[in-house]
>>> print(open('data.pdb').read())   # PDB, C-alpha atoms
ATOM      1  CA  MET A   2     -20.128 -20.581-111.333
ATOM      2  CA  GLU A   3     -18.571 -20.283-107.876
ATOM      3  CA  GLU A   4     -16.572 -23.501-108.353
ATOM      4  CA  THR A   5     -14.638 -22.172-111.316
ATOM      5  CA  ILE A   6     -13.083 -19.419-109.195
ATOM      6  CA  PRO A   7      -9.657 -20.483-107.867
ATOM      7  CA  LYS A   8      -9.361 -21.111-104.158
ATOM      8  CA  SER A   9      -6.814 -18.332-103.727
ATOM      9  CA  CYS A  10      -9.200 -15.808-105.275
ATOM     10  CA  GLN A  11     -12.016 -16.930-103.007
ATOM     11  CA  GLU A  12      -9.769 -16.295-100.034
ATOM     12  CA  ILE A  13      -8.796 -12.885-101.354
ATOM     13  CA  ALA A  14     -12.465 -12.018-101.799
ATOM     14  CA  LEU A  15     -13.144 -12.700 -98.116
ATOM     15  CA  LEU A  16     -10.116 -10.636 -97.099
ATOM     16  CA  SER A  17     -11.408  -7.883 -99.338
ATOM     17  CA  GLU A  18     -14.702  -7.881 -97.418
ATOM     18  CA  LYS A  19     -12.794  -7.722 -94.145
ATOM     19  CA  LYS A  20     -10.866  -4.776 -95.501
ATOM     20  CA  GLN A  21     -14.079  -2.905 -96.359
ATOM     21  CA  TYR A  22     -15.030  -3.028 -92.696
ATOM     22  CA  LYS A  23     -11.506  -2.050 -91.631
ATOM     23  CA  GLU A  24     -10.971  -5.404 -89.986
ATOM     24  CA  ALA A  25      -8.147  -6.737 -92.134
ATOM     25  CA  ASN A  26      -4.728  -6.579 -90.467
ATOM     26  CA  PHE A  27      -1.536  -5.422 -92.128
ATOM     27  CA  TRP A  28      -0.556  -8.860 -93.474
ATOM     28  CA  GLU A  29      -4.005  -9.473 -94.881
ATOM     29  CA  ARG A  30      -4.000  -6.111 -96.629
ATOM     30  CA  LEU A  31      -0.532  -6.845 -97.998
ATOM     31  CA  ARG A  32      -1.712 -10.199 -99.299
ATOM     32  CA  ILE A  33      -4.510  -8.490-101.220
ATOM     33  CA  GLU A  34      -2.132  -5.922-102.714
ATOM     34  CA  ILE A  35       0.297  -8.577-103.898
ATOM     35  CA  HIS A  36      -2.433 -10.811-105.288
ATOM     36  CA  ILE A  37      -4.122  -8.075-107.307
ATOM     37  CA  LEU A  38      -0.792  -7.205-108.924
ATOM     38  CA  TYR A  39      -1.138 -10.260-111.122
ATOM     39  CA  CYS A  40      -4.831 -11.208-110.822
ATOM     40  CA  GLU A  41      -7.166  -9.136-112.916
ATOM     41  CA  ARG A  42     -10.346 -10.695-111.593
ATOM     42  CA  CYS A  43      -9.530  -9.800-108.016
ATOM     43  CA  ARG A  44      -8.278  -6.366-109.013
ATOM     44  CA  ASN A  45     -11.667  -5.617-110.534
ATOM     45  CA  TYR A  46     -13.505  -7.093-107.591
ATOM     46  CA  GLU A  47     -11.498  -4.999-105.149
ATOM     47  CA  LYS A  48     -12.316  -1.889-107.181
ATOM     48  CA  ASP A  49     -16.060  -2.655-107.328
ATOM     49  CA  ASN A  50     -16.081  -3.473-103.658
ATOM     50  CA  LYS A  51     -14.522  -0.151-102.717
ATOM     51  CA  GLN A  52     -17.101   1.598-104.838
ATOM     52  CA  LEU A  53     -19.928  -0.312-103.184
ATOM     53  CA  SER A  54     -18.628   0.786 -99.796
ATOM     54  CA  SER A  55     -18.680   4.423-100.797
ATOM     55  CA  ILE A  56     -22.196   4.057-102.219
ATOM     56  CA  LEU A  57     -23.314   2.421 -99.010
ATOM     57  CA  SER A  58     -21.909   5.207 -96.876
ATOM     58  CA  ASP A  59     -23.584   7.860 -99.061
ATOM     59  CA  ALA A  60     -26.953   6.189 -99.017
ATOM     60  CA  LYS A  61     -29.287   7.050 -96.219
ATOM     61  CA  LEU A  62     -29.912   3.568 -95.002
ATOM     62  CA  ASP A  63     -31.532   2.752 -91.762
ATOM     63  CA  SER A  64     -32.437  -0.473 -90.131
ATOM     64  CA  LEU A  65     -34.612  -1.371 -87.197
ATOM     65  CA  THR A  66     -32.687  -2.547 -84.157
ATOM     66  CA  ASP A  67     -33.587  -5.860 -82.559
ATOM     67  CA  GLU A  68     -35.375  -4.060 -79.717
ATOM     68  CA  GLU A  69     -37.474  -2.075 -82.179
ATOM     69  CA  MET A  70     -38.314  -5.274 -84.040
ATOM     70  CA  LYS A  71     -39.417  -6.928 -80.824
ATOM     71  CA  GLU A  72     -41.645  -3.949 -80.059
ATOM     72  CA  LEU A  73     -43.230  -4.324 -83.474
ATOM     73  CA  GLU A  74     -43.662  -8.080 -82.956
ATOM     74  CA  LYS A  75     -45.582  -7.324 -79.767
ATOM     75  CA  ILE A  76     -47.915  -5.014 -81.644
ATOM     76  CA  VAL A  77     -48.637  -7.505 -84.387
ATOM     77  CA  LYS A  78     -49.374 -10.324 -81.948
TER      78      LYS A  78
ATOM     79  CA  MET B   4     -35.350 -20.346 -89.065
ATOM     80  CA  TYR B   5     -39.056 -20.560 -89.632
ATOM     81  CA  CYS B   6     -39.600 -17.285 -91.466
ATOM     82  CA  ASN B   7     -36.629 -17.985 -93.657
ATOM     83  CA  LEU B   8     -38.430 -21.077 -94.897
ATOM     84  CA  ALA B   9     -41.717 -19.270 -95.146
ATOM     85  CA  TYR B  10     -39.999 -16.916 -97.560
ATOM     86  CA  TYR B  11     -40.253 -19.626-100.175
ATOM     87  CA  LEU B  12     -43.943 -20.103 -99.528
ATOM     88  CA  ILE B  13     -44.768 -16.477-100.287
ATOM     89  CA  ILE B  14     -45.250 -17.429-103.897
ATOM     90  CA  MET B  15     -48.479 -19.077-102.843
ATOM     91  CA  ASN B  16     -49.933 -15.641-102.079
ATOM     92  CA  GLN B  17     -51.111 -16.357 -98.608
ATOM     93  CA  LEU B  18     -50.841 -14.129 -95.583
ATOM     94  CA  ASN B  19     -48.457 -15.108 -92.859
ATOM     95  CA  PRO B  20     -48.652 -12.405 -90.144
ATOM     96  CA  ASP B  21     -46.182 -14.176 -87.854
ATOM     97  CA  CYS B  22     -43.414 -13.409 -90.303
ATOM     98  CA  TRP B  23     -44.396  -9.870 -91.271
ATOM     99  CA  VAL B  24     -42.040  -8.145 -88.896
ATOM    100  CA  SER B  25     -38.997 -10.234 -89.715
ATOM    101  CA  ASN B  26     -39.628 -10.273 -93.452
ATOM    102  CA  TYR B  27     -40.930  -6.796 -94.256
ATOM    103  CA  SER B  28     -40.380  -4.339 -91.412
ATOM    104  CA  ASP B  29     -36.985  -3.147 -92.656
ATOM    105  CA  TYR B  30     -38.297  -2.616 -96.152
ATOM    106  CA  LEU B  31     -41.473  -0.843 -95.029
ATOM    107  CA  PHE B  32     -39.480   1.245 -92.559
ATOM    108  CA  ASN B  33     -37.028   2.484 -95.194
ATOM    109  CA  TYR B  34     -39.873   3.054 -97.640
ATOM    110  CA  THR B  35     -41.535   5.277 -95.059
ATOM    111  CA  LEU B  36     -38.300   7.050 -94.170
ATOM    112  CA  SER B  37     -37.799   8.037 -97.786
ATOM    113  CA  ARG B  38     -41.146   9.839 -97.625
ATOM    114  CA  VAL B  39     -41.395  10.925 -94.014
ATOM    115  CA  ASP B  40     -38.073  12.169 -92.802
ATOM    116  CA  ASP B  41     -38.559  11.336 -89.139
ATOM    117  CA  ARG B  42     -37.431   8.086 -87.584
ATOM    118  CA  GLU B  43     -39.985   7.964 -84.771
ATOM    119  CA  LYS B  44     -42.887   8.927 -87.038
ATOM    120  CA  ALA B  45     -41.779   6.289 -89.524
ATOM    121  CA  LYS B  46     -41.814   3.614 -86.832
ATOM    122  CA  ASP B  47     -45.331   4.654 -85.805
ATOM    123  CA  ILE B  48     -46.556   4.523 -89.379
ATOM    124  CA  VAL B  49     -45.121   1.044 -89.910
ATOM    125  CA  SER B  50     -46.785  -0.304 -86.774
ATOM    126  CA  GLU B  51     -50.082   1.341 -87.751
ATOM    127  CA  THR B  52     -49.739  -0.389 -91.105
ATOM    128  CA  PHE B  53     -49.286  -3.810 -89.511
ATOM    129  CA  LEU B  54     -52.308  -3.197 -87.270
ATOM    130  CA  ALA B  55     -54.497  -2.100 -90.167
ATOM    131  CA  ALA B  56     -53.326  -5.111 -92.154
ATOM    132  CA  LEU B  57     -54.236  -7.465 -89.324
ATOM    133  CA  LYS B  58     -57.685  -5.930 -89.092
ATOM    134  CA  SER B  59     -58.439  -6.296 -92.779
ATOM    135  CA  LYS B  60     -56.733  -9.650 -93.124
ATOM    136  CA  ASP B  61     -59.939 -11.234 -94.399
ATOM    137  CA  ASN B  62     -60.159  -8.805 -97.301
ATOM    138  CA  PHE B  63     -56.953 -10.134 -98.795
ATOM    139  CA  LYS B  64     -57.880 -12.047-101.895
ATOM    140  CA  GLY B  65     -54.469 -13.253-102.961
ATOM    141  CA  ASP B  66     -54.473 -11.235-106.188
ATOM    142  CA  SER B  67     -51.165  -9.692-105.243
ATOM    143  CA  THR B  68     -48.272 -10.757-103.080
ATOM    144  CA  GLU B  69     -48.314 -10.183 -99.366
ATOM    145  CA  LYS B  70     -45.654  -7.512 -99.734
ATOM    146  CA  THR B  71     -47.478  -5.526-102.429
ATOM    147  CA  TRP B  72     -50.583  -5.613-100.285
ATOM    148  CA  LEU B  73     -48.710  -4.321 -97.224
ATOM    149  CA  VAL B  74     -47.071  -1.557 -99.265
ATOM    150  CA  ALA B  75     -50.494  -0.480-100.537
ATOM    151  CA  ILE B  76     -51.726  -0.111 -96.959
ATOM    152  CA  LEU B  77     -48.526   1.683 -95.993
ATOM    153  CA  LYS B  78     -49.019   4.214 -98.794
ATOM    154  CA  ARG B  79     -52.455   5.075 -97.456
ATOM    155  CA  LYS B  80     -51.042   5.501 -93.958
ATOM    156  CA  ILE B  81     -48.384   7.879 -95.260
ATOM    157  CA  ILE B  82     -51.026   9.938 -97.041
ATOM    158  CA  ASP B  83     -53.059  10.018 -93.813
ATOM    159  CA  HIS B  84     -50.001  11.281 -91.988
ATOM    160  CA  TYR B  85     -49.629  14.214 -94.378
ATOM    161  CA  ARG B  86     -53.351  14.969 -94.238
ATOM    162  CA  LYS B  87     -53.109  15.229 -90.481
ATOM    163  CA  ILE B  88     -50.197  17.646 -90.688
ATOM    164  CA  ASN B  89     -51.872  19.794 -93.305
ATOM    165  CA  SER B  90     -55.123  20.047 -91.408
ATOM    166  CA  LYS B  91     -53.349  21.979 -88.693
ATOM    167  CA  LYS B  92     -54.128  25.179 -90.517
ATOM    168  CA  GLY B  93     -52.039  28.263 -90.210
ATOM    169  CA  GLN B  94     -48.998  26.320 -89.239
ATOM    170  CA  ALA B  95     -47.480  26.291 -92.675
ATOM    171  CA  GLU B  96     -44.179  28.006 -92.656
ATOM    172  CA  VAL B  97     -41.850  29.273 -95.334
ATOM    173  CA  LYS B  98     -38.320  28.331 -94.486
ATOM    174  CA  LYS B  99     -36.483  31.058 -96.250
ATOM    175  CA  GLN B 100     -33.944  33.390 -94.860
ATOM    176  CA  TYR B 101     -33.675  36.668 -96.650
ATOM    177  CA  HIS B 102     -30.326  38.316 -96.679
ATOM    178  CA  SER B 103     -30.146  41.848 -95.514
ATOM    179  CA  SER B 104     -30.048  44.182 -98.473
ATOM    180  CA  GLN B 105     -26.475  45.306 -97.880
ATOM    181  CA  GLU B 106     -25.068  41.878 -98.633
ATOM    182  CA  GLN B 107     -26.680  41.615-102.018
ATOM    183  CA  GLU B 108     -24.857  42.615-105.128
ATOM    184  CA  GLY B 109     -26.043  40.651-108.131
ATOM    185  CA  ASP B 110     -29.298  39.248-109.364
ATOM    186  CA  TRP B 111     -31.853  38.673-106.622
ATOM    187  CA  LEU B 112     -33.273  35.444-108.023
ATOM    188  CA  GLU B 113     -29.878  33.938-108.680
ATOM    189  CA  GLU B 114     -28.642  34.648-105.201
ATOM    190  CA  ASN B 115     -31.747  33.331-103.538
ATOM    191  CA  ALA B 116     -32.210  30.200-105.596
ATOM    192  CA  ASP B 117     -28.724  29.085-104.780
ATOM    193  CA  ASN B 118     -29.076  28.566-101.069
ATOM    194  CA  GLU B 119     -27.494  25.848 -98.997
ATOM    195  CA  GLU B 120     -30.734  24.494 -97.669
ATOM    196  CA  ALA B 121     -32.102  23.672-101.115
ATOM    197  CA  LYS B 122     -28.882  21.963-102.054
ATOM    198  CA  ASN B 123     -28.871  19.838 -98.933
ATOM    199  CA  ALA B 124     -32.490  18.924 -99.481
ATOM    200  CA  LEU B 125     -31.707  17.665-102.962
ATOM    201  CA  GLU B 126     -28.748  15.684-101.709
ATOM    202  CA  THR B 127     -30.776  14.117 -98.929
ATOM    203  CA  LEU B 128     -33.455  13.187-101.427
ATOM    204  CA  GLU B 129     -30.951  11.568-103.792
ATOM    205  CA  ASN B 130     -29.367   9.603-101.012
ATOM    206  CA  ARG B 131     -32.733   8.417 -99.773
ATOM    207  CA  GLU B 132     -33.489   7.262-103.309
ATOM    208  CA  LEU B 133     -30.182   5.456-103.422
ATOM    209  CA  GLY B 134     -31.043   3.907-100.075
ATOM    210  CA  MET B 135     -34.335   2.697-101.524
ATOM    211  CA  ALA B 136     -32.571   1.167-104.542
ATOM    212  CA  ILE B 137     -30.291  -0.732-102.167
ATOM    213  CA  GLU B 138     -33.283  -1.749-100.073
ATOM    214  CA  GLU B 139     -35.025  -3.172-103.171
ATOM    215  CA  CYS B 140     -31.899  -5.181-103.919
ATOM    216  CA  LEU B 141     -31.619  -6.448-100.361
ATOM    217  CA  GLU B 142     -35.176  -7.732-100.690
ATOM    218  CA  SER B 143     -34.200  -9.956-103.568
ATOM    219  CA  ILE B 144     -31.401 -11.767-101.757
ATOM    220  CA  ASN B 145     -31.579 -14.458 -99.097
ATOM    221  CA  PRO B 146     -33.228 -12.885 -96.006
ATOM    222  CA  ARG B 147     -30.718 -14.330 -93.561
ATOM    223  CA  GLN B 148     -27.807 -12.975 -95.580
ATOM    224  CA  ALA B 149     -29.573  -9.651 -95.848
ATOM    225  CA  ARG B 150     -30.044  -9.513 -92.079
ATOM    226  CA  ILE B 151     -26.378 -10.332 -91.440
ATOM    227  CA  PHE B 152     -25.385  -7.673 -93.942
ATOM    228  CA  ARG B 153     -27.678  -5.134 -92.285
ATOM    229  CA  LEU B 154     -26.359  -5.814 -88.805
ATOM    230  CA  LYS B 155     -22.771  -5.458 -89.951
ATOM    231  CA  THR B 156     -23.090  -2.601 -92.427
ATOM    232  CA  ILE B 157     -26.003  -0.465 -91.341
ATOM    233  CA  GLN B 158     -25.955  -0.999 -87.609
ATOM    234  CA  ASN B 159     -22.144  -1.200 -87.549
ATOM    235  CA  MET B 160     -22.065  -4.081 -85.128
ATOM    236  CA  ASP B 161     -18.852  -5.817 -84.145
ATOM    237  CA  THR B 162     -18.065  -9.064 -85.909
ATOM    238  CA  GLU B 163     -18.155 -10.911 -82.604
ATOM    239  CA  VAL B 164     -21.603  -9.601 -81.688
ATOM    240  CA  VAL B 165     -23.065 -10.505 -85.063
ATOM    241  CA  CYS B 166     -21.534 -13.977 -84.833
ATOM    242  CA  ASN B 167     -23.120 -14.601 -81.444
ATOM    243  CA  LYS B 168     -26.469 -13.237 -82.498
ATOM    244  CA  MET B 169     -26.710 -15.165 -85.739
ATOM    245  CA  ASP B 170     -24.833 -18.250 -84.528
ATOM    246  CA  LEU B 171     -21.943 -18.015 -86.982
ATOM    247  CA  THR B 172     -18.203 -18.550 -87.004
ATOM    248  CA  PRO B 173     -16.225 -15.481 -88.112
ATOM    249  CA  SER B 174     -15.199 -17.045 -91.405
ATOM    250  CA  ASN B 175     -18.819 -18.001 -92.014
ATOM    251  CA  LEU B 176     -19.809 -14.431 -91.391
ATOM    252  CA  TRP B 177     -17.434 -13.155 -94.055
ATOM    253  CA  VAL B 178     -18.737 -15.712 -96.540
ATOM    254  CA  ASN B 179     -22.264 -14.426 -95.903
ATOM    255  CA  ILE B 180     -21.157 -10.811 -96.186
ATOM    256  CA  HIS B 181     -19.331 -11.635 -99.412
ATOM    257  CA  ARG B 182     -22.414 -13.269-100.984
ATOM    258  CA  ALA B 183     -24.616 -10.377 -99.937
ATOM    259  CA  ARG B 184     -22.240  -7.740-101.279
ATOM    260  CA  LYS B 185     -21.704  -9.620-104.521
ATOM    261  CA  ALA B 186     -25.439  -9.919-105.044
ATOM    262  CA  LEU B 187     -25.858  -6.239-104.223
ATOM    263  CA  THR B 188     -23.215  -5.169-106.736
ATOM    264  CA  GLU B 189     -24.872  -7.239-109.444
ATOM    265  CA  CYS B 190     -28.332  -6.001-108.551
ATOM    266  CA  LEU B 191     -27.410  -2.319-108.398
ATOM    267  CA  GLY B 192     -25.730  -2.527-111.782
ATOM    268  CA  ASP B 193     -23.958   0.385-113.383
ATOM    269  CA  GLU B 194     -26.673   2.893-112.705
ATOM    270  CA  TRP B 195     -25.367   4.010-109.344
ATOM    271  CA  LYS B 196     -21.674   3.856-110.114
ATOM    272  CA  ARG B 197     -19.957   7.188-109.867
TER     273      ARG B 197
END
>>> encode(input="data.pdb", output="structure tokens")
Amino acid sequence: MEETIPKSCQEIALLSEKKQYKEANFWERLRIEIHILYCERCRNYEKDNKQLSSILSDAKLDSLTDEEMKELEKIVK
Amino acid sequence: MYCNLAYYLIIMNQLNPDCWVSNYSDYLFNYTLSRVDDREKAKDIVSETFLAALKSKDNFKGDSTEKTWLVAILKRKIIDHYRKINSKKGQAEVKKQYHSSQEQEGDWLEENADNEEAKNALETLENRELGMAIEECLESINPRQARIFRLKTIQNMDTEVVCNKMDLTPSNLWVNIHRARKALTECLGDEWKR
């Protein structure tokens, strides 16, 4: 499936991820905006991605840090 | 990565304690957190679970997967935790603040049922549930991608740090993040869309 997606859209998708983590610069954000003007697929992806970000920030998610994992490893061994 | 490969051997229903921590600790930890709202306690319960599992390793018959078996032990440990709390008799406490009578105007029940604390509790519960749904989805995707996603999204690490830790180039990192997020969106489905 992945191969059928145009190269430009694949690039936009990666920029879209960068944007979700606030790491896309002005030109990258502009590139997304221009691209989604005429590309429906990417427009939808951008919308879903934004939604996923808001879900992720609402959810109470926690993860063990590497140190905590190492502590656990010690216990199991 | 060894445990990444071992992931594909799980189907054979054999125990592989060396990989327990890297494969299941995040899942078990979040499972516990959704039931015991205390980070430190949750960590203790997870390590107790691993210890108990190691002890009764020989009782594992391979009827279920390793993960199901670990979750079953974890459930018992969580119940034990609540038994311990409840056995401290006389320490039960009703967390309810009654307003002074001057402030009240309308129906007593209505005013008291609608307190902030109950609302927050419900919200916390819903968000924990949502967290669990995400956790279930993360389990179904490639463990390395899931770990990269966790480091970046949940632990809010800098791109550079994650790249060093996981031995990635920045563009590789974004490809991994993209795959993980795409899989997550598909897995979560429409149910959680607002």
>>> closest_atom_pairs(input="data.pdb", of="chain B", to="chain A", cutoff="6 Å", atoms="all atoms listed in the file", output="Markdown table")
| residue | atom | partner | partner_atom | distance |
| --- | --- | --- | --- | --- |
| B:Asp29 | CA | A:Ser64 | CA | 5.8 |
| B:Asn130 | CA | A:Ala60 | CA | 4.6 |
| B:Arg131 | CA | A:Lys61 | CA | 5.1 |
| B:Leu133 | CA | A:Ala60 | CA | 5.5 |
| B:Gly134 | CA | A:Ala60 | CA | 4.8 |
| B:Trp177 | CA | A:Leu15 | CA | 5.9 |
>>> residues_near_point(input="data.pdb", point="(-30.5, -10.1, -103.7)", cutoff="10 Å", atoms="all atoms listed in the file", output="list in words")
Ile137, Glu138, Glu139, Cys140, Leu141, Glu142, Ser143, Ile144, Asn145, Pro146, Gln148, Ala149, Arg182, Ala183, Arg184, Lys185, Ala186, Leu187, Thr188, Glu189, Cys190 and Leu191 of chain B
>>> atom_distance(input="data.pdb", atom1="atom CA of B:Asp47", atom2="atom CA of B:Val165")
26.9 Å
>>> atom_distance(input="data.pdb", atom1="atom CA of B:Ala55", atom2="atom CA of B:Leu154")
28.4 Å
>>> residues_around(input="data.pdb", residues="stretch 30-39 of chain A", least_positions_apart="5", cutoff="7 Å", atoms="all atoms listed in the file", output="short mmCIF file (atom, residue, chain, number, x, y, z; two decimals) with C-alpha atoms, in the coordinates of the input")
data_model
loop_
_atom_site.label_atom_id
_atom_site.label_comp_id
_atom_site.auth_asym_id
_atom_site.auth_seq_id
_atom_site.Cartn_x
_atom_site.Cartn_y
_atom_site.Cartn_z
CA ILE A 13 -8.80 -12.88 -101.35
CA ALA A 25 -8.15 -6.74 -92.13
CA ARG A 44 -8.28 -6.37 -109.01
#
>>> resolve_selection(input="data.pdb", expression="the PyMOL selection byres ((chain B and resi 65-76) around 10)", output="MDAnalysis selection string")
chainID B and resid 13:20 23 26:27 30:31 34:35 49 51:53 55:56 62:64 77:81
>>> axis_aligned_box(input="data.pdb", around="stretch 129-144 of chain B", padding_each_side="6 Å", output="AutoDock Vina command-line options")
--center_x -32.3 --center_y -0.1 --center_z -102.2 --size_x 17.8 --size_y 35.3 --size_z 16.8
>>> atom_distance(input="data.pdb", atom1="atom CA of B:Arg38", atom2="atom CA of B:Leu128")
9.2 Å
>>> closest_residue(input="data.pdb", among="B:Ile151, B:Ile88, B:Leu57, B:Val39", to="B:Lys168", atoms="only C-alpha atoms")
B:Ile151
>>> closest_residue(input="data.pdb", among="A:Lys51, A:Cys43, A:Glu68, A:Thr5", to="A:Lys20", atoms="only C-alpha atoms")
A:Lys51
